[in-house]
Amino acid sequence: MKRYGIANVVLAILLFFAGYAALFIAPDEATMHAIQRIFYFHASSGWAAMEASMIVFAANVVYLAKRNLKWDWLAVAAAEVSLAFWSVMLVTGPIWAHPVWGIWWTWDWRLTLTLVLWILYVAYLILRTLIADSERRAVFSAIFGIFVFLGVPLDYLSIRIWRTQHPQPVIFGGPNSGLDPTMLKVFFYCAGVMTLLMIFLVRQRYKLERLRYETEELRLAVEEQVDARAVGAGN
Amino acid sequence: MGTARAAAIVLGREIRAEMRTRELLQTTIVFTIIVVVLFNFAFEPSVADARRIGPGLIWIALLFAGSLMLNPSFAKEQSNDTIYALRMAPVSSFAIVLGKTLANLLFLSITEMVLVPVFSILYNVPVLAVIGRLAMVLLLGTFGMVVVGTVFSALATQARLRELLLPLLLLPVLIPLLFASVEATVGLLGDAPALDRTWMAVLIAFDVVFFTASWLLCDHLLEE
């Protein structure tokens, strides 16, 4: 328990330093200036969101194969965290876009795909709230989660064919793209810290889900005993 | 019993049940016609507008009609407790899902056979010259819709608020299908009608991916 306390403090320090690095260490961007610094959190949240979404898919598949509820807890934990990071993207994006592009939103393929993924994970979480039985909820949300994930390449493909306006990728984006080396270091540092934050949040949410399950089991056991006694008293 | 034969029996059963009342078909057809008529009041489109945004209208009407029509597919088995009889039948669960998928494909195709002529007449958009290719786009799009919709219908049946839940699950997953179907239809209704190969490929990919997924996952779907 104590070990996790230390890990939390370390993560907090790393996060604080990520903010410092994005604001003070990374060099000023030539045309966009200060507003460009939001990129260190915007893009690294996107990485964390994608990683969390892949955990959801993996947990869904493993759950259906193994039928151990632990994998369902992992799936819901990662789904909520990925939704949080997709939301960060959808909020920080327009904050950047308004001064730079002059508009809050445009139906470019990356923005559209992020919005579609956000909607799909909201639907996944709503489905979970509407099925009471925990086993059935686990099976059905796993099936839905797999359908969602299988659709992502098709979403990507169809939206890509349909439109393109977002700034082209500057990392791994081809010969003429590229980021200042310091910018790149700060970005990778922020992306790494954001991944750690994602893992930390998934872990916390997983524990919460396990506690919920255990409380529910205890409540059912107590109810059974109370019922048994009531029947005994009646006789 | 082979899967094909079992699926054919389930399909026959669905058709027989529907022919006794025709409730589902009449409701769905009237619903889509109402959407097409309301479109005029909301947008008052010219002939050029109708050619450009008409395909979007047709597919939105079909998606909404589908997400309402697919609901009873499994819900009626639940309320009549016939789902137990289906599960006990000595056939694979894929045969049951496939039979129901084909039945839904048939019902939605019949709806389209009314919807498309009504749209064509009301908005003066000629479709006869491209009817064969249009039928192909409609068939591929509708197949993808019912493949996903039939599986989700079984999911939603076990949940609260199932009538509201099904569109919420189905419509976002159908986004790539909507893109591909609408764009392919726009290509057919334009001045130089042509079948867009890229969008047809997306449609076929959608159908193949989700048909395979429903085949792989249907055992989990119908277990007790």
# chains A, B, ... in the order shown; residues from 1 in each chain; ligands from 1
>>> select_by_dssp(residues="chain B", states="alpha helix (DSSP H)", output="MDAnalysis selection string")
chainID B and resid 3:21 23:43 47:69 71:79 82:88 93:122 131:157 162:173 175:189 197:222
>>> closest_atom_pairs(of="chain A", to="chain B", cutoff="6 Å", atoms="only C-alpha atoms", output="Markdown table")
| residue | atom | partner | partner_atom | distance |
| --- | --- | --- | --- | --- |
| A:Ala123 | CA | B:Leu169 | CA | 5.9 |
| A:Leu130 | CA | B:Arg160 | CA | 5.2 |
| A:Ile131 | CA | B:Ala159 | CA | 4.7 |
| A:Leu154 | CA | B:Pro176 | CA | 5.9 |
| A:Asp155 | CA | B:Pro176 | CA | 5.1 |
| A:Ser158 | CA | B:Pro176 | CA | 5.7 |
>>> write_last_selection(atoms="C-alpha atoms", output="short mmCIF file (atom, residue, chain, number, x, y, z; two decimals), in the first residue's frame")
data_model
loop_
_atom_site.label_atom_id
_atom_site.label_comp_id
_atom_site.auth_asym_id
_atom_site.auth_seq_id
_atom_site.Cartn_x
_atom_site.Cartn_y
_atom_site.Cartn_z
CA ALA A 123 -22.61 4.37 -26.09
CA LEU A 130 -28.72 -0.42 -18.60
CA ILE A 131 -27.98 -4.12 -17.96
CA LEU A 154 -13.63 1.51 -41.45
CA ASP A 155 -14.43 4.81 -39.74
CA SER A 158 -14.35 6.41 -44.83
#
>>> closest_residue(among="A:Val186, A:Ala221, A:Val226, A:Ala84", to="Ala18 of chain A", atoms="only C-alpha atoms")
A:Val186
>>> atom_distance(atom1="atom CA of Phe39 of chain A", atom2="atom CA of Met89 of chain A")
9.8 Å
>>> atom_distance(atom1="atom CA of Leu208 of chain A", atom2="atom CA of Gly145 of chain A")
20.7 Å
>>> closest_residue(among="B:Phe211, B:Phe31, B:Phe41, B:Phe107", to="Ala61 of chain B", atoms="only C-alpha atoms")
B:Phe31
>>> residues_around(residues="Asn8 of chain A", least_positions_apart="6", cutoff="12 Å", atoms="only C-alpha atoms", output="NGL selection string")
:A and (1-2 or 14-15 or 196-197 or 199-201 or 203-204)
